[in-house]
>>> print(open('upload.csv').read())   # CSV, C-alpha atoms
chain,number,residue,atom,x,y,z
A,1,MET,CA,75.1,79.2,152.0
A,2,ALA,CA,73.1,81.7,153.9
A,3,PRO,CA,69.4,81.8,153.0
A,4,ALA,CA,68.1,84.5,150.6
A,5,ARG,CA,66.6,87.5,152.4
A,6,LEU,CA,63.0,88.6,152.0
A,7,ILE,CA,62.3,92.1,153.3
A,8,ALA,CA,58.8,93.1,154.4
A,9,GLU,CA,57.4,96.2,153.0
A,10,PRO,CA,54.5,98.2,154.4
A,11,LEU,CA,51.1,96.8,153.3
A,12,THR,CA,49.3,99.0,150.8
A,13,ARG,CA,46.3,98.4,148.6
A,14,ALA,CA,48.3,99.1,145.5
A,15,ALA,CA,51.2,96.7,146.4
A,16,PHE,CA,48.9,93.9,147.5
A,17,GLU,CA,46.5,94.2,144.6
A,18,PRO,CA,47.9,91.2,142.6
A,19,PHE,CA,47.3,89.0,145.6
A,20,GLY,CA,43.9,90.1,146.9
A,21,ASP,CA,42.4,92.9,149.0
A,22,VAL,CA,43.5,95.1,151.8
A,23,ILE,CA,40.6,95.5,154.3
A,24,GLU,CA,41.0,99.0,155.7
A,25,THR,CA,39.1,102.3,155.9
A,26,GLN,CA,41.8,104.3,154.3
A,27,GLY,CA,41.0,105.1,150.7
A,28,ALA,CA,37.8,103.1,150.7
A,29,GLU,CA,34.4,104.1,149.5
A,30,HIS,CA,32.2,105.1,152.4
A,31,PHE,CA,28.9,106.7,153.3
A,32,ALA,CA,26.9,107.6,156.4
A,33,ILE,CA,24.1,105.2,157.6
A,34,ASN,CA,22.0,104.8,160.7
A,35,ASN,CA,20.9,108.4,160.8
A,36,GLY,CA,24.5,109.6,160.7
A,37,THR,CA,25.7,107.7,163.7
A,38,THR,CA,27.7,105.1,161.6
A,39,GLU,CA,30.1,105.4,158.7
A,40,ARG,CA,30.0,102.4,156.4
A,41,TYR,CA,33.2,101.5,154.5
A,42,HIS,CA,31.6,99.4,151.9
A,43,ASP,CA,32.5,96.1,150.2
A,44,LEU,CA,36.2,95.9,150.9
A,45,ALA,CA,37.0,92.3,149.8
A,46,ASN,CA,36.1,89.9,147.0
A,47,ILE,CA,34.8,87.0,149.0
A,48,ASP,CA,34.9,84.2,146.5
A,49,VAL,CA,34.0,80.6,147.2
A,50,THR,CA,33.3,78.0,144.6
A,51,GLY,CA,32.5,74.3,144.2
A,52,GLU,CA,29.4,72.2,145.0
A,53,GLY,CA,28.2,72.8,148.5
A,54,ALA,CA,30.5,75.8,149.1
A,55,ARG,CA,29.5,78.4,151.7
A,56,VAL,CA,31.1,81.3,153.4
A,57,ILE,CA,32.1,80.7,157.0
A,58,ALA,CA,33.4,82.9,159.8
A,59,ASN,CA,36.0,81.7,162.2
A,60,ILE,CA,38.4,83.1,164.8
A,61,PHE,CA,42.1,82.1,164.4
A,62,CYS,CA,44.4,82.6,167.4
A,63,GLY,CA,48.0,82.7,166.3
A,64,GLU,CA,51.0,82.2,168.4
A,65,PRO,CA,53.6,85.0,167.8
A,66,TRP,CA,56.5,84.3,165.5
A,67,VAL,CA,59.9,85.6,166.7
A,68,PRO,CA,62.5,86.8,164.2
A,69,PRO,CA,64.6,85.4,162.6
A,70,ILE,CA,61.6,83.9,160.7
A,71,GLU,CA,62.4,81.3,158.1
A,72,ILE,CA,59.9,80.9,155.3
A,73,LYS,CA,60.0,77.3,154.3
A,74,MET,CA,56.7,76.6,152.7
A,75,LEU,CA,53.5,78.2,151.3
A,76,GLU,CA,49.9,77.1,150.9
A,77,ARG,CA,47.0,78.1,148.8
A,78,HIS,CA,43.2,77.5,148.7
A,79,PRO,CA,42.1,76.6,145.2
A,80,LEU,CA,38.4,76.8,146.1
A,81,GLY,CA,38.1,80.0,148.0
A,82,SER,CA,39.4,83.3,149.2
A,83,GLN,CA,40.6,83.7,152.8
A,84,ALA,CA,40.3,87.0,154.7
A,85,PHE,CA,42.1,87.8,157.9
A,86,MET,CA,41.0,90.8,160.0
A,87,PRO,CA,42.9,91.5,163.3
A,88,ILE,CA,40.6,91.8,166.3
A,89,GLY,CA,43.5,92.9,168.6
A,90,PRO,CA,46.2,95.5,168.7
A,91,HIS,CA,49.2,93.7,167.1
A,92,PRO,CA,50.8,93.9,163.7
A,93,TYR,CA,51.4,90.7,161.6
A,94,LEU,CA,53.0,89.6,158.4
A,95,ALA,CA,51.6,88.5,155.1
A,96,VAL,CA,53.9,86.6,152.8
A,97,VAL,CA,52.6,85.8,149.3
A,98,ALA,CA,53.9,84.6,145.9
A,99,ASP,CA,53.1,84.9,142.3
A,100,SER,CA,52.0,81.8,140.5
A,101,GLY,CA,55.2,80.6,138.8
A,102,ALA,CA,56.1,77.8,136.4
A,103,ASP,CA,53.6,74.9,136.6
A,104,GLY,CA,51.6,76.8,139.1
A,105,LEU,CA,54.2,76.5,141.8
A,106,PRO,CA,55.1,79.5,144.0
A,107,GLY,CA,57.0,82.1,142.0
A,108,GLU,CA,58.6,85.3,143.4
A,109,LEU,CA,57.8,85.9,147.0
A,110,LYS,CA,56.7,89.2,148.6
A,111,ALA,CA,56.3,90.1,152.3
A,112,PHE,CA,54.1,92.8,153.8
A,113,LEU,CA,54.1,94.2,157.3
A,114,CYS,CA,50.4,94.7,158.2
A,115,GLN,CA,49.1,97.0,160.9
A,116,CYS,CA,46.3,96.1,163.3
A,117,ASP,CA,43.8,98.2,161.4
A,118,GLN,CA,44.5,96.4,158.2
A,119,GLY,CA,43.0,93.1,157.1
A,120,VAL,CA,44.1,91.0,154.1
A,121,ASN,CA,42.0,88.9,151.8
A,122,TYR,CA,44.0,86.3,149.9
A,123,ALA,CA,42.4,85.8,146.6
A,124,ARG,CA,41.4,82.3,145.6
A,125,GLY,CA,44.4,80.3,144.5
A,126,ILE,CA,47.1,82.8,145.7
A,127,TRP,CA,50.1,81.2,147.4
A,128,HIS,CA,50.6,82.5,150.9
A,129,HIS,CA,52.3,81.6,154.1
A,130,PRO,CA,50.1,80.5,157.1
A,131,LEU,CA,49.3,83.1,159.7
A,132,LEU,CA,52.4,85.0,160.9
A,133,SER,CA,51.4,86.8,164.1
A,134,LEU,CA,53.9,89.1,165.8
A,135,GLU,CA,54.5,90.4,169.3
A,136,ALA,CA,51.8,88.3,171.1
A,137,ARG,CA,49.1,85.7,170.7
A,138,SER,CA,46.8,87.4,168.3
A,139,ASP,CA,43.2,86.8,167.3
A,140,PHE,CA,41.8,87.3,163.8
A,141,LEU,CA,38.3,87.0,162.3
A,142,VAL,CA,38.8,84.8,159.3
A,143,ILE,CA,36.2,84.6,156.5
A,144,ASP,CA,36.8,81.6,154.2
A,145,ARG,CA,35.2,78.6,152.6
A,146,GLY,CA,33.4,75.7,154.1
A,147,GLY,CA,32.1,72.7,152.3
A,148,PRO,CA,33.3,69.5,150.6
A,149,GLY,CA,36.3,69.4,148.3
A,150,ILE,CA,40.1,69.6,148.7
A,151,ASN,CA,40.8,73.3,149.4
A,152,LEU,CA,44.4,73.1,150.6
A,153,GLU,CA,47.6,72.7,148.7
A,154,GLU,CA,51.0,73.1,150.3
A,155,ARG,CA,54.5,73.4,148.8
A,156,THR,CA,57.9,73.4,150.4
A,157,LEU,CA,60.1,76.0,148.9
A,158,PRO,CA,63.2,74.8,147.0
A,159,SER,CA,65.3,76.8,149.5
A,160,PRO,CA,64.0,78.7,152.6
A,161,MET,CA,64.1,82.4,152.8
A,162,LEU,CA,64.9,84.6,155.8
A,163,LEU,CA,62.2,87.1,156.4
A,164,GLU,CA,63.4,90.5,157.7
A,165,LEU,CA,61.0,93.1,159.1
A,166,SER,CA,62.9,96.1,157.7
A,167,GLN,CA,66.0,96.9,155.7
B,1,MET,CA,4.5,108.6,181.4
B,2,ALA,CA,8.1,107.6,181.8
B,3,PRO,CA,9.3,105.3,179.1
B,4,ALA,CA,9.5,101.5,179.8
B,5,ARG,CA,12.9,100.3,180.8
B,6,LEU,CA,15.0,97.7,178.9
B,7,ILE,CA,17.9,96.3,180.9
B,8,ALA,CA,20.9,94.9,179.1
B,9,GLU,CA,22.0,91.5,180.1
B,10,PRO,CA,25.5,90.0,179.4
B,11,LEU,CA,25.7,88.5,176.0
B,12,THR,CA,25.9,84.7,176.0
B,13,ARG,CA,25.5,82.2,173.2
B,14,ALA,CA,22.5,80.6,175.0
B,15,ALA,CA,20.6,83.8,175.5
B,16,PHE,CA,21.2,85.1,172.0
B,17,GLU,CA,20.4,81.8,170.2
B,18,PRO,CA,16.9,82.8,169.1
B,19,PHE,CA,18.4,85.9,167.3
B,20,GLY,CA,21.5,84.5,165.7
B,21,ASP,CA,25.1,83.7,166.6
B,22,VAL,CA,27.7,84.9,169.1
B,23,ILE,CA,31.1,84.9,167.5
B,24,GLU,CA,33.6,84.1,170.2
B,25,THR,CA,36.1,81.5,171.1
B,26,GLN,CA,34.6,80.6,174.4
B,27,GLY,CA,32.7,77.3,174.1
B,28,ALA,CA,33.4,77.0,170.3
B,29,GLU,CA,34.7,74.0,168.5
B,30,HIS,CA,38.4,74.4,167.8
B,31,PHE,CA,41.4,72.6,166.5
B,32,ALA,CA,45.1,73.2,165.8
B,33,ILE,CA,46.3,74.1,162.3
B,34,ASN,CA,49.4,75.5,160.7
B,35,ASN,CA,51.7,73.0,162.3
B,36,GLY,CA,50.4,73.9,165.8
B,37,THR,CA,51.1,77.6,165.6
B,38,THR,CA,47.4,78.6,165.2
B,39,GLU,CA,44.2,77.5,166.8
B,40,ARG,CA,41.1,77.6,164.6
B,41,TYR,CA,37.7,78.3,166.2
B,42,HIS,CA,35.6,77.0,163.4
B,43,ASP,CA,32.4,78.1,161.7
B,44,LEU,CA,31.0,80.4,164.3
B,45,ALA,CA,28.2,82.1,162.4
B,46,ASN,CA,25.4,81.1,159.9
B,47,ILE,CA,26.2,83.5,157.1
B,48,ASP,CA,23.0,83.4,155.1
B,49,VAL,CA,22.3,85.6,152.1
B,50,THR,CA,19.5,85.0,149.6
B,51,GLY,CA,17.9,86.4,146.5
B,52,GLU,CA,19.1,86.7,142.9
B,53,GLY,CA,22.6,88.2,142.6
B,54,ALA,CA,23.2,88.0,146.3
B,55,ARG,CA,26.8,87.8,147.5
B,56,VAL,CA,28.5,88.0,150.9
B,57,ILE,CA,30.4,91.3,151.4
B,58,ALA,CA,32.9,92.5,154.0
B,59,ASN,CA,32.7,96.1,155.3
B,60,ILE,CA,34.0,98.2,158.2
B,61,PHE,CA,31.5,100.1,160.2
B,62,CYS,CA,32.8,103.0,162.3
B,63,GLY,CA,30.2,103.8,165.0
B,64,GLU,CA,30.0,107.0,167.0
B,65,PRO,CA,29.5,106.2,170.7
B,66,TRP,CA,26.0,106.3,172.3
B,67,VAL,CA,25.9,107.9,175.7
B,68,PRO,CA,23.3,106.9,178.3
B,69,PRO,CA,20.4,107.5,178.7
B,70,ILE,CA,19.8,105.6,175.4
B,71,GLU,CA,16.3,105.7,174.0
B,72,ILE,CA,15.3,102.8,171.7
B,73,LYS,CA,12.9,104.3,169.3
B,74,MET,CA,13.1,102.0,166.2
B,75,LEU,CA,14.3,98.7,165.0
B,76,GLU,CA,15.4,97.4,161.6
B,77,ARG,CA,15.8,94.1,159.9
B,78,HIS,CA,17.3,92.6,156.7
B,79,PRO,CA,14.9,90.2,155.1
B,80,LEU,CA,17.5,89.0,152.5
B,81,GLY,CA,20.5,88.4,154.7
B,82,SER,CA,22.3,87.9,158.0
B,83,GLN,CA,24.5,90.6,159.3
B,84,ALA,CA,27.6,89.9,161.5
B,85,PHE,CA,29.4,92.5,163.6
B,86,MET,CA,32.9,91.7,165.0
B,87,PRO,CA,34.6,94.5,167.0
B,88,ILE,CA,38.1,95.2,165.8
B,89,GLY,CA,38.8,97.5,168.8
B,90,PRO,CA,38.8,97.4,172.6
B,91,HIS,CA,35.3,98.7,173.4
B,92,PRO,CA,32.1,97.1,174.4
B,93,TYR,CA,28.8,97.7,172.6
B,94,LEU,CA,25.1,96.9,172.8
B,95,ALA,CA,22.9,94.6,170.8
B,96,VAL,CA,19.2,95.2,171.0
B,97,VAL,CA,16.9,92.6,169.3
B,98,ALA,CA,13.2,91.7,169.2
B,99,ASP,CA,11.1,88.6,168.6
B,100,SER,CA,8.9,88.7,165.5
B,101,GLY,CA,5.6,89.7,167.0
B,102,ALA,CA,2.1,90.0,165.5
B,103,ASP,CA,2.0,90.7,161.7
B,104,GLY,CA,5.8,90.3,161.7
B,105,LEU,CA,6.3,93.6,163.6
B,106,PRO,CA,8.8,93.8,166.4
B,107,GLY,CA,7.7,91.8,169.5
B,108,GLU,CA,9.4,91.7,172.9
B,109,LEU,CA,12.7,93.5,173.0
B,110,LYS,CA,15.9,92.1,174.6
B,111,ALA,CA,19.2,94.0,175.1
B,112,PHE,CA,22.7,92.5,175.4
B,113,LEU,CA,25.9,94.0,176.6
B,114,CYS,CA,28.6,92.7,174.3
B,115,GLN,CA,32.3,92.6,175.1
B,116,CYS,CA,35.1,93.5,172.7
B,117,ASP,CA,36.0,89.8,172.1
B,118,GLN,CA,32.4,89.0,171.2
B,119,GLY,CA,30.8,89.4,167.8
B,120,VAL,CA,27.1,89.0,167.0
B,121,ASN,CA,25.5,87.7,163.8
B,122,TYR,CA,21.9,88.8,163.5
B,123,ALA,CA,20.0,86.1,161.7
B,124,ARG,CA,18.2,87.0,158.5
B,125,GLY,CA,15.0,88.8,159.3
B,126,ILE,CA,15.7,89.4,163.0
B,127,TRP,CA,14.6,92.8,164.2
B,128,HIS,CA,17.6,94.7,165.7
B,129,HIS,CA,18.7,98.2,166.5
B,130,PRO,CA,21.3,99.8,164.4
B,131,LEU,CA,24.9,99.8,165.8
B,132,LEU,CA,25.1,100.9,169.4
B,133,SER,CA,28.8,101.6,170.1
B,134,LEU,CA,29.8,102.6,173.6
B,135,GLU,CA,32.7,104.5,175.2
B,136,ALA,CA,34.4,105.7,172.0
B,137,ARG,CA,34.3,105.7,168.2
B,138,SER,CA,34.4,102.0,167.4
B,139,ASP,CA,35.2,99.9,164.3
B,140,PHE,CA,33.6,96.6,163.4
B,141,LEU,CA,34.1,94.2,160.6
B,142,VAL,CA,30.7,93.6,159.2
B,143,ILE,CA,29.8,90.6,157.1
B,144,ASP,CA,26.5,91.1,155.3
B,145,ARG,CA,24.7,90.9,151.9
B,146,GLY,CA,25.4,92.7,148.7
B,147,GLY,CA,23.3,92.6,145.6
B,148,PRO,CA,20.0,93.8,144.2
B,149,GLY,CA,16.7,93.7,146.2
B,150,ILE,CA,15.2,95.6,149.1
B,151,ASN,CA,17.1,94.3,152.2
B,152,LEU,CA,16.1,96.9,154.8
B,153,GLU,CA,12.9,97.3,156.8
B,154,GLU,CA,12.5,99.9,159.5
B,155,ARG,CA,9.8,100.2,162.2
B,156,THR,CA,9.3,102.9,164.8
B,157,LEU,CA,8.3,101.4,168.1
B,158,PRO,CA,4.8,102.2,169.4
B,159,SER,CA,6.5,103.8,172.4
B,160,PRO,CA,10.2,104.3,173.0
B,161,MET,CA,12.1,102.3,175.6
B,162,LEU,CA,14.9,103.5,177.9
B,163,LEU,CA,17.9,101.2,177.7
B,164,GLU,CA,19.9,100.7,180.9
B,165,LEU,CA,23.3,99.0,181.1
B,166,SER,CA,22.7,97.3,184.4
B,167,GLN,CA,20.0,97.0,187.1
>>> encode(input="upload.csv", output="structure tokens")
Amino acid sequence: MAPARLIAEPLTRAAFEPFGDVIETQGAEHFAINNGTTERYHDLANIDVTGEGARVIANIFCGEPWVPPIEIKMLERHPLGSQAFMPIGPHPYLAVVADSGADGLPGELKAFLCQCDQGVNYARGIWHHPLLSLEARSDFLVIDRGGPGINLEERTLPSPMLLELSQ
Amino acid sequence: MAPARLIAEPLTRAAFEPFGDVIETQGAEHFAINNGTTERYHDLANIDVTGEGARVIANIFCGEPWVPPIEIKMLERHPLGSQAFMPIGPHPYLAVVADSGADGLPGELKAFLCQCDQGVNYARGIWHHPLLSLEARSDFLVIDRGGPGINLEERTLPSPMLLELSQ
């Protein structure tokens, strides 16, 4: 049997809201600072780390590009902290997320095509696929959690899905 | 009298160490994750917020470009939190910092020319100039502090300095 298809939709704040934050200037609160030389788009992500000894850390992730056809076979989640990805290069990427289904396992999947001026912040505990860079090796500033505790769960999907970039 | 000159040097982790962190892959601890598809350059900045109700926030700053000759007339600092800038575009920028001098006022100034794959994290309380973008309107992901309390001090320098990009 052919794998079920998962079609990526454009990333928007409204569509991504159940899963976390879109980090982009469009539609964000902003104001001038620095004597008018800088515009500040303010407080764009709910950075949320928990557990004893937790702290917010900054990292750079370098992702190898995925080449279609892309099979989604597994998801992961971080029960102790949010995880934000902001592209620091010119390439788009994909975000694949799922509702929390029965027994907390991944429910229905959604896929988003994200542009290079859009970051995503996966809320704490949200199922998501590991980084899916496109086109070329891509760097991201990643804001997530450091500290003790088990902050990674992984689940293999009952059946893989075939991710398509457009209909 | 002509203003004193301040000459920008290339940003390196060693030279910037008294003022905070350089956020870059070069020379950083790293390891493979995500089944080998991603390299994680780990924990690159000391994100440090303090005070009741403090939290780490993520913002985008859009800076208008500064055109030489650039006069450095003032500095600012954030007593309650670090502030990290990571370029999310292709342009270089400048970081101007100062030691803490007599009575906590800005001491000796240093200037750094930063490339687009280098972020800077100003440590809590370090005197620095507001964002100095170069070449074009430039976007940065900024990780700093939200919450109540007075987190901004500004000081006019006794005499301005003329910033030069190279000798």
>>> closest_atom_pairs(input="upload.csv", of="chain B", to="chain A", cutoff="7 Å", atoms="only C-alpha atoms", output="tab-separated table")
residue	atom	partner	partner_atom	distance
B:Thr25	CA	A:Ile60	CA	6.9
B:Asn34	CA	A:Pro130	CA	6.2
B:Thr37	CA	A:Glu64	CA	5.4
B:Thr38	CA	A:Gly63	CA	4.3
B:Glu39	CA	A:Cys62	CA	5.1
B:Arg40	CA	A:Phe61	CA	4.6
B:Tyr41	CA	A:Ile60	CA	5.0
B:His42	CA	A:Asn59	CA	4.9
B:Asp43	CA	A:Asn59	CA	5.1
B:Leu44	CA	A:Asn59	CA	5.6
B:Ala45	CA	A:Ala58	CA	5.9
B:Ile47	CA	A:Val56	CA	6.5
B:Val56	CA	A:Ile47	CA	6.7
B:Ile57	CA	A:Asp43	CA	5.4
B:Ala58	CA	A:Asp43	CA	5.2
B:Asn59	CA	A:His42	CA	4.9
B:Ile60	CA	A:Tyr41	CA	5.0
B:Phe61	CA	A:Arg40	CA	4.7
B:Cys62	CA	A:Glu39	CA	5.1
B:Gly63	CA	A:Thr38	CA	4.4
B:Glu64	CA	A:Thr37	CA	5.5
B:Pro87	CA	A:Ile88	CA	6.6
B:Ile88	CA	A:Ile88	CA	4.2
B:Gly89	CA	A:Ile88	CA	6.5
B:Pro130	CA	A:Asn34	CA	6.3
>>> residues_near_point(input="upload.csv", point="(13.0, 100.7, 171.2)", cutoff="10 Å", atoms="all atoms listed in the file", output="VMD selection string")
chain B and resid 3 to 6 70 to 75 96 to 98 106 108 to 111 128 to 129 155 to 163
>>> write_last_selection(input="upload.csv", atoms="C-alpha atoms", output="PDB file, in the frame of the given file")
ATOM      1  CA  PRO B   3       9.300 105.300 179.100  1.00  0.00           C
ATOM      2  CA  ALA B   4       9.500 101.500 179.800  1.00  0.00           C
ATOM      3  CA  ARG B   5      12.900 100.300 180.800  1.00  0.00           C
ATOM      4  CA  LEU B   6      15.000  97.700 178.900  1.00  0.00           C
ATOM      5  CA  ILE B  70      19.800 105.600 175.400  1.00  0.00           C
ATOM      6  CA  GLU B  71      16.300 105.700 174.000  1.00  0.00           C
ATOM      7  CA  ILE B  72      15.300 102.800 171.700  1.00  0.00           C
ATOM      8  CA  LYS B  73      12.900 104.300 169.300  1.00  0.00           C
ATOM      9  CA  MET B  74      13.100 102.000 166.200  1.00  0.00           C
ATOM     10  CA  LEU B  75      14.300  98.700 165.000  1.00  0.00           C
ATOM     11  CA  VAL B  96      19.200  95.200 171.000  1.00  0.00           C
ATOM     12  CA  VAL B  97      16.900  92.600 169.300  1.00  0.00           C
ATOM     13  CA  ALA B  98      13.200  91.700 169.200  1.00  0.00           C
ATOM     14  CA  PRO B 106       8.800  93.800 166.400  1.00  0.00           C
ATOM     15  CA  GLU B 108       9.400  91.700 172.900  1.00  0.00           C
ATOM     16  CA  LEU B 109      12.700  93.500 173.000  1.00  0.00           C
ATOM     17  CA  LYS B 110      15.900  92.100 174.600  1.00  0.00           C
ATOM     18  CA  ALA B 111      19.200  94.000 175.100  1.00  0.00           C
ATOM     19  CA  HIS B 128      17.600  94.700 165.700  1.00  0.00           C
ATOM     20  CA  HIS B 129      18.700  98.200 166.500  1.00  0.00           C
ATOM     21  CA  ARG B 155       9.800 100.200 162.200  1.00  0.00           C
ATOM     22  CA  THR B 156       9.300 102.900 164.800  1.00  0.00           C
ATOM     23  CA  LEU B 157       8.300 101.400 168.100  1.00  0.00           C
ATOM     24  CA  PRO B 158       4.800 102.200 169.400  1.00  0.00           C
ATOM     25  CA  SER B 159       6.500 103.800 172.400  1.00  0.00           C
ATOM     26  CA  PRO B 160      10.200 104.300 173.000  1.00  0.00           C
ATOM     27  CA  MET B 161      12.100 102.300 175.600  1.00  0.00           C
ATOM     28  CA  LEU B 162      14.900 103.500 177.900  1.00  0.00           C
ATOM     29  CA  LEU B 163      17.900 101.200 177.700  1.00  0.00           C
TER      30      LEU B 163
END
>>> atom_distance(input="upload.csv", atom1="CA of His91 (chain B)", atom2="CA of Ala8 (chain B)")
15.9 Å
>>> residues_around(input="upload.csv", residues="Pro92 (chain A)", least_positions_apart="3", cutoff="8 Å", atoms="all atoms listed in the file", output="MDAnalysis selection string")
chainID A and resid 113:116 133:135
>>> atom_distance(input="upload.csv", atom1="CA of Gly107 (chain A)", atom2="CA of Thr50 (chain A)")
24.2 Å
>>> residues_around(input="upload.csv", residues="Asn151 (chain A)", least_positions_apart="4", cutoff="7 Å", atoms="only C-alpha atoms", output="short mmCIF file (atom, residue, chain, number, x, y, z; two decimals) with C-alpha atoms, keeping the file's coordinate frame")
data_model
loop_
_atom_site.label_atom_id
_atom_site.label_comp_id
_atom_site.auth_asym_id
_atom_site.auth_seq_id
_atom_site.Cartn_x
_atom_site.Cartn_y
_atom_site.Cartn_z
CA HIS A 78 43.20 77.50 148.70
CA PRO A 79 42.10 76.60 145.20
CA LEU A 80 38.40 76.80 146.10
#
>>> atom_distance(input="upload.csv", atom1="CA of Ala95 (chain A)", atom2="CA of Glu29 (chain B)")
26.0 Å
>>> decode(input="upload.csv", residues="region 115-122 of chain A", atoms="all heavy atoms", output="PDB file, in the first residue's frame")
ATOM      1  N   GLN A 115       9.431  29.930   5.207  1.00  0.00           N
ATOM      2  CA  GLN A 115      10.378  30.728   4.440  1.00  0.00           C
ATOM      3  C   GLN A 115      11.545  31.159   5.326  1.00  0.00           C
ATOM      4  O   GLN A 115      11.492  31.069   6.552  1.00  0.00           O
ATOM      5  CB  GLN A 115       9.668  31.941   3.830  1.00  0.00           C
ATOM      6  CG  GLN A 115       8.520  31.550   2.904  1.00  0.00           C
ATOM      7  CD  GLN A 115       8.932  30.643   1.753  1.00  0.00           C
ATOM      8  OE1 GLN A 115      10.026  30.771   1.202  1.00  0.00           O
ATOM      9  NE2 GLN A 115       8.066  29.696   1.400  1.00  0.00           N
ATOM     10  N   CYS A 116      12.579  31.690   4.688  1.00  0.00           N
ATOM     11  CA  CYS A 116      13.817  31.960   5.425  1.00  0.00           C
ATOM     12  C   CYS A 116      13.691  33.131   6.394  1.00  0.00           C
ATOM     13  O   CYS A 116      14.567  33.314   7.247  1.00  0.00           O
ATOM     14  CB  CYS A 116      14.967  32.188   4.464  1.00  0.00           C
ATOM     15  SG  CYS A 116      14.801  33.669   3.456  1.00  0.00           S
ATOM     16  N   ASP A 117      12.619  33.911   6.288  1.00  0.00           N
ATOM     17  CA  ASP A 117      12.415  34.989   7.269  1.00  0.00           C
ATOM     18  C   ASP A 117      11.373  34.604   8.323  1.00  0.00           C
ATOM     19  O   ASP A 117      10.845  35.476   9.021  1.00  0.00           O
ATOM     20  CB  ASP A 117      12.024  36.291   6.566  1.00  0.00           C
ATOM     21  CG  ASP A 117      10.761  36.141   5.734  1.00  0.00           C
ATOM     22  OD1 ASP A 117      10.242  35.011   5.609  1.00  0.00           O
ATOM     23  OD2 ASP A 117      10.290  37.154   5.189  1.00  0.00           O
ATOM     24  N   GLN A 118      11.122  33.322   8.443  1.00  0.00           N
ATOM     25  CA  GLN A 118      10.166  32.821   9.431  1.00  0.00           C
ATOM     26  C   GLN A 118      10.830  31.793  10.335  1.00  0.00           C
ATOM     27  O   GLN A 118      11.357  30.773   9.858  1.00  0.00           O
ATOM     28  CB  GLN A 118       8.981  32.135   8.741  1.00  0.00           C
ATOM     29  CG  GLN A 118       8.155  33.022   7.834  1.00  0.00           C
ATOM     30  CD  GLN A 118       6.988  32.261   7.229  1.00  0.00           C
ATOM     31  OE1 GLN A 118       7.180  31.229   6.589  1.00  0.00           O
ATOM     32  NE2 GLN A 118       5.778  32.757   7.444  1.00  0.00           N
ATOM     33  N   GLY A 119      10.803  32.043  11.622  1.00  0.00           N
ATOM     34  CA  GLY A 119      11.225  31.032  12.572  1.00  0.00           C
ATOM     35  C   GLY A 119      10.017  30.336  13.161  1.00  0.00           C
ATOM     36  O   GLY A 119       8.890  30.831  13.069  1.00  0.00           O
ATOM     37  N   VAL A 120      10.248  29.158  13.751  1.00  0.00           N
ATOM     38  CA  VAL A 120       9.177  28.477  14.488  1.00  0.00           C
ATOM     39  C   VAL A 120       9.666  28.163  15.892  1.00  0.00           C
ATOM     40  O   VAL A 120      10.839  27.840  16.092  1.00  0.00           O
ATOM     41  CB  VAL A 120       8.720  27.159  13.811  1.00  0.00           C
ATOM     42  CG1 VAL A 120       8.030  27.446  12.487  1.00  0.00           C
ATOM     43  CG2 VAL A 120       9.860  26.184  13.617  1.00  0.00           C
ATOM     44  N   ASN A 121       8.766  28.276  16.832  1.00  0.00           N
ATOM     45  CA  ASN A 121       9.045  27.871  18.213  1.00  0.00           C
ATOM     46  C   ASN A 121       8.058  26.777  18.578  1.00  0.00           C
ATOM     47  O   ASN A 121       6.866  27.040  18.758  1.00  0.00           O
ATOM     48  CB  ASN A 121       8.884  29.062  19.163  1.00  0.00           C
ATOM     49  CG  ASN A 121       9.220  28.703  20.603  1.00  0.00           C
ATOM     50  OD1 ASN A 121      10.204  28.012  20.861  1.00  0.00           O
ATOM     51  ND2 ASN A 121       8.418  29.183  21.538  1.00  0.00           N
ATOM     52  N   TYR A 122       8.553  25.530  18.638  1.00  0.00           N
ATOM     53  CA  TYR A 122       7.689  24.428  19.056  1.00  0.00           C
ATOM     54  C   TYR A 122       7.432  24.562  20.552  1.00  0.00           C
ATOM     55  O   TYR A 122       8.367  24.616  21.354  1.00  0.00           O
ATOM     56  CB  TYR A 122       8.364  23.080  18.784  1.00  0.00           C
ATOM     57  CG  TYR A 122       8.677  22.841  17.331  1.00  0.00           C
ATOM     58  CD1 TYR A 122       9.990  22.751  16.875  1.00  0.00           C
ATOM     59  CD2 TYR A 122       7.662  22.705  16.395  1.00  0.00           C
ATOM     60  CE1 TYR A 122      10.288  22.536  15.538  1.00  0.00           C
ATOM     61  CE2 TYR A 122       7.941  22.495  15.052  1.00  0.00           C
ATOM     62  CZ  TYR A 122       9.251  22.412  14.630  1.00  0.00           C
ATOM     63  OH  TYR A 122       9.539  22.205  13.303  1.00  0.00           O
TER      64      TYR A 122
END
